[in-house]
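So the structure is just underneath, and the comments pick up after that.
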2 protein chains.
Amino acid sequence: MRFSKLLIPTAKEAPSDAVLPSHIYLLRAGFIQSVGAGLYNFLPLGKRSLDRVRQVVKEELDAAGCQEVDLAFVTPAELWRESGRFEKYGKELLRFTDRKENEFVLGPTHEEMMVNLVRQSVKSYKQLPLHLYQIKTKFRDEIRPRFGLMRGREFLMEDGYSFHKDEEDMKREFDHMEATYSRIFTRLGLDFRVVEADSGAIGGSGSKEFMVLADSGEDTIVVCEGCDYGANIEAAVRAPKAAPEYEEGEEPEMTAGEFQTPGIKTIDDLADFFHIDPHHLIKAVAKKALYDEGREAIVLFFLRGNDELEETKACNAVGANELVDVSEEELRAAGLTPGFMGFINLPDGIRYVIDKELKGETPMIMGANKEDYHLIGVTVPDYGDFFADLVAVQEGDRCAKCGGRLHYTKGIEVGHIFQLGTRYSEPLNATFLDENGKRRPFVMGTYGIGVSRLLAAIIEQHHDDRGCIWTRESAPFDVEIIVSNIANDAEREAAEELYRLLKSKGVEVLLDDRKERFGFKMKDFELIGIPLGIVVGKKLADGQVELIVRDGLERIDLPLERVADEVLERV
Amino acid sequence: MRFSKLLIPTAKEAPSDAVLPSHIYLLRAGFIQSVGAGLYNFLPLGKRSLDRVRQVVKEELDAAGCQEVDLAFVTPAELWRESGRFEKYGKELLRFTDRKENEFVLGPTHEEMMVNLVRQSVKSYKQLPLHLYQIKTKFRDEIRPRFGLMRGREFLMEDGYSFHKDEEDMKREFDHMEATYSRIFTRLGLDFRVVEADSGAIGGSGSKEFMVLADSGEDTIVVCEGCDYGANIEAAVRAPKAAPEYEEGEEPEMTAGEFQTPGIKTIDDLADFFHIDPHHLIKAVAKKALYDEGREAIVLFFLRGNDELEETKACNAVGANELVDVSEEELRAAGLTPGFMGFINLPDGIRYVIDKELKGETPMIMGANKEDYHLIGVTVPDYGDFFADLVAVQEGDRCAKCGGRLHYTKGIEVGHIFQLGTRYSEPLNATFLDENGKRRPFVMGTYGIGVSRLLAAIIEQHHDDRGCIWTRESAPFDVEIIVSNIANDAEREAAEELYRLLKSKGVEVLLDDRKERFGFKMKDFELIGIPLGIVVGKKLADGQVELIVRDGLERIDLPLERVADEVLERV
């Protein structure tokens with residue numbers, strides 16, 4: 001296509017609220033245009049990139065045996081009532097009534113709709129497994145839409161739902177989708193990690209996120225330097241922390257008993273007081289757990305003195321909706337002794353959870369539930385149902401898989417796959433007849449890719465200080481031909497011929513035929529970020545043109561008649 | 001793809017509210033599924049047909065120089081206030097507020113959004129003309145959604161908007177789009193007419209509709225038997241009605257004057273009374289015209305005795321929002337004499353319009369505005385600003401273009417193109433700098449295709465009593481291979497090989513590999529309506545298979561090794 005005819009409103013500046021490179025460059029290069037908080041128009045270039053990314057997603061899903069459907073965006077609220085999510089979903093769910101006062105939602109996700117579709121059309125195990133997906137606009141009324149396409153309110157998403165006769169088959173599909181999604185992100189040229197994710201709140205037995213590694217990512221992920229292990233911080237696990245290395249005979253020894261520790265409340269003070277490594281101290285973290293219907297309870301979490309509580313894990317451990325801070329007054333009112341709390345001799349009715357790495361540990365020191373006293377020489381029991389993983393993995397911890405060093409990195413979540421089980425099929429009464437004629441609920445998996453967010457993720461990972469650097473399968477065009485001086489007949493004609501030749505070979509070509517200065521056109525080329533550029537300029541007198549590789553801005557002089565083949569080899 | 005793996009829930013019955021063939025068959029053949037009034041899911045077959053139709057639309061628009069964009073579906077209400085449509089649009093416009101109480105609409109059409117896009121990015125006449133389009137879900141809160149995809153609430157639409165420096169260029173694009181849309185509907189195998197449409201309410205200088213001819217169409221259109229003239233009934237024009245043919249000396253003659261006509265109020269009575277053809281009578285039709293802000297006025301429309309008033313034309317002639325009936329009491333209160341009204345000696349302040357075919361006609365008879373009196377020998381003036389086209393074209397009237405006979409037919413509107421002018425660019429202050437550096441509003445055209453409605457229109461025109469008959473470019477697959485007996489190894493293997501062969505040639509093939517009876521599979525083939533079927537059955541023993549052409553159900557025996565070539569020739 002011709003630059004002179006296309007609407008590509010490039011700009012020197014981006015609005016001041018744009019801080020991320022992808023937000024700035026997608027606006028400046030004329031890919032998108034803002035129309036309100038978290039709402040964007042895709043201009044011709046943006047639409048082309050979006051379509052190409054969408055095509056990669058579709059090709060891989062179709063090849064993986066998934067079937068594309070297209071569900072109504074406007075969704076009857078009654079389905080959301082059946083699943084119990086109409087009330088629970090919160091304000092991100094946009095609710096409205098039509099002219100006849102029927103209630104609807106703008107589907108932010110389509111579990112209910114898809115279960116409804118399948119319960120009407122699938123009756124027998126013979127029709128299983130079944131994986132349906134769509135690639136469609138979604139709306140989530142985000143409280144703080146920001147970062148351009150990264151966290152918009154209206155966005156394009158691929159959402160897939162699979163239906164199975166049992167857990168085993170669902171897990172097979174889950175692994176199959178991990179491989180399929182990985183192929184998609186690989187084709188799009190992304191450096192990403194598949195990480196373990198928290199699956200507490202939605203339930204089910206496992207979930208994984210696909211994280212594009214980028215400094216600007218909103219998610220902290222833990223990755224191993226030694227193997228492919230990766231996890232969202234909320235779900236990360238580690239090898240048990242090793243005890244300090246003591247010289248022979250230097251190991252701490254204590255007789256079990258109470259010990260007066262006047263005013264010694266913090267872990268640091270306690271370590272100083274006893275001249276002991278915090279490895280042998282037990283820290284108590286008190287929280288208030290909130291449950292449905294306004295119920296609440298104080299819960300104590302015990303972990304090693306040199307560990308920190310991971311709140312999502314803690315929340316899941318007690319099955320709460322949320323954990324909030326609790327005041328010293330509230331603790332005292334419940335009969336607790338802040339600064340001196342332990343799990344022995346607790347007041348009646350106080351629930352507690354102990355980090356599983358403490359199981360059987362000895363000798364330990366912890367609060368005696370008595371002002372100014374600690375218990376020393378404590379042996380943590382090695383049985384009981386009060387253990388759970390509670391610790392926030394820290395940089396430098398060791399990998400549970402390979403023992404390698406774990407470290408933090410930032411990621412952009414572009415995909416999430418989920419072992420859903422019967423969370424939706426049961427309340428919506430979606431069942432099939434199994435081999436024995438018995439009615440059973442579908443076992444489900446659910447899968448999602450943020451298609452429009454991918455454009456942002458690609459640019460976060462692929463840009464320089466001049467603009468976008470699109471990857472091969474996400475670029476709006478494969479190659480851009482820049483006519484240095486459009487008034488020069490030879491240059492213009494050579495460029496036009498090259499343009500026709502490349503198009504005839506199926507290459508997507510943008511011809512910059514504008515009557516603008518060469519420097520201006522080059523700036524636009526660098527800003528827009530098409531992977532290859534061909535400059536038809538002064539060197540044409542010697543039969544030469546210049547091929548520019550956008551990533552790195554390498555420039556290669558080539559004879560005019562060679563350049564088409566060179567381009568074909570690279571796209 | 002394999003029938004056994006695809007979700008194609010065919011059914012013997014359709015819900016009782018489905019009356020049109022397209023509604024019944026699209027549901028029964030598993031293309032769509034209802035989720036609420038006017039809301040549908042597209043199942044895998046429906047999605048495939050929708051994608052193919054969409055692709056035809058996209059290819060032709062891109063080839064015509066239009067650029068695809070993708071605008072936010074959720075649209076800030078402030079843009080609709082700027083254009084004045086927020087209040088005017090009525091209840092079809094779904095309005096809602098987000099969590100921060102900002103007002104939004106679900107875009108049923110995107111003039112405002114597109115003008116907003118362009119006013120921000122186009123500054124100079126050098127960037128014109130520009131034609132942007134999108135193919136995206138729309139929502140209109142129809143009061144009576146019905147007929148399946150024909151009149152849904154959520155639907156897929158192509159909406160295009162062109163921007164020009166002047167009227168002339170806009171009209172060039174309008175003609176270009178008429179040709180482009182015609183190519184689209186021709187490729188889709190539709191028998192359609194481009195008809196003149198009413199453009200009064202929206203303004204602008206002209207509009208045309210694309211009507212698929214079908215008995216079930218909701219629109220009445222007037223077409224000429226002799227040429228390609230066609231028009232929506234509201235916009236249809238004709239050659240002036242010829243006077244009755246009189247023998248020499250038999251022409252009516254009258255001296256101008258009042259004539260007593262006691263109790264003779266109707267045209268029929270008047271014709272009998274005077275022994276004259278109604279061609280020489282003038283009929284008065286009284287209406288009440290409603291305007292903005294509650295203003296109203298009685299208006300009289302005068303037309304020939306044997307013509308009928310076309311209300312849309314009449315409404316446009318007086319620039320009213322609506323015409324309603326007026327009672328005899330109201331007429332008398334305004335000083336009028338029902339049954340004896342004419343345009344001479346009217347009471348002060350009564351507005352009237354005379355049909356333009358009456359201009360200069362003589363001798364005529366009409367009411368004298370006096371009880372029991374008519375004027376005879378009237379000569380209608382042949383000048384003045386009170387003439388307009390008011391008549392409803394009738395079957396048998398003559399074509400204004402060729403003199404051929406006009407008749408009525410029914411059509412389904414699948415496209416509409418519009419010369420919009422500055423209706424939106426002016427209120428939204430969307431301007432560009434012209435060649436002389438002068439700021440001017442964009443002159444616009446607007447264009448639309450009902451993409452999901454096209455699926456219904458295709459089936460309305462292409463079905464038989466067994467099911468759908470898809471056209472070549474709208475079919476979900478090109479060909480279906482039916483294995484007569486899947487337990488027969490030879491049949492199954494031959495079918496699988498044919499399946500692979502056709503797929504390798506780029507043919508979209510559905511293989512019915514289900515363990516079902518042959519008759520059951522044939523019924524599904526006929527219901528689904530893929531253009532070609534290949535039955536691999538008993539004749540395979542003689543090296544033969546059967547090719548079935550769905551349209552007409554012609555059956556052709558062919559040698560197995562010939563069938564792939566035969567299919568390739570036909571697709």
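We label chains A, B, ... in the order they appear in the structure tokens, count residues from 1 in each chain, and number ligands from 1 in the order shown.
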Contacts of Glu413 of chain B at 10 Å (only C-alpha atoms; same-chain gap of 3+ positions) as a list in words: Met150, Phe192, Arg193, Val194, Val195, Glu209, Phe210, Met211, Val212, Leu213, Gly217, Glu218, Asp219, Asn232, Lys410, His416, Ile449, Gly450, Arg453, Leu454 and Ala457 of chain B
Members of segment 93-246 of chain A assigned alpha helix (DSSP H) by DSSP, as a ChimeraX atom specification: /A:111-121,167-187
Within 9 Å of segment 397-400 of chain A, counting only C-alpha atoms, which residues show up once you throw out same-chain ones fewer than 4 positions away? Write them as a VMD selection string, please. chain A and resid 223 to 227 229 237 to 241 393 404 to 407
Kindly determine which residues of chain B lie within 6 Å of chain A, considering only C-alpha atoms, and give the answer as number ranges by chain. B: 9, 40-44, 47, 68-72, 121
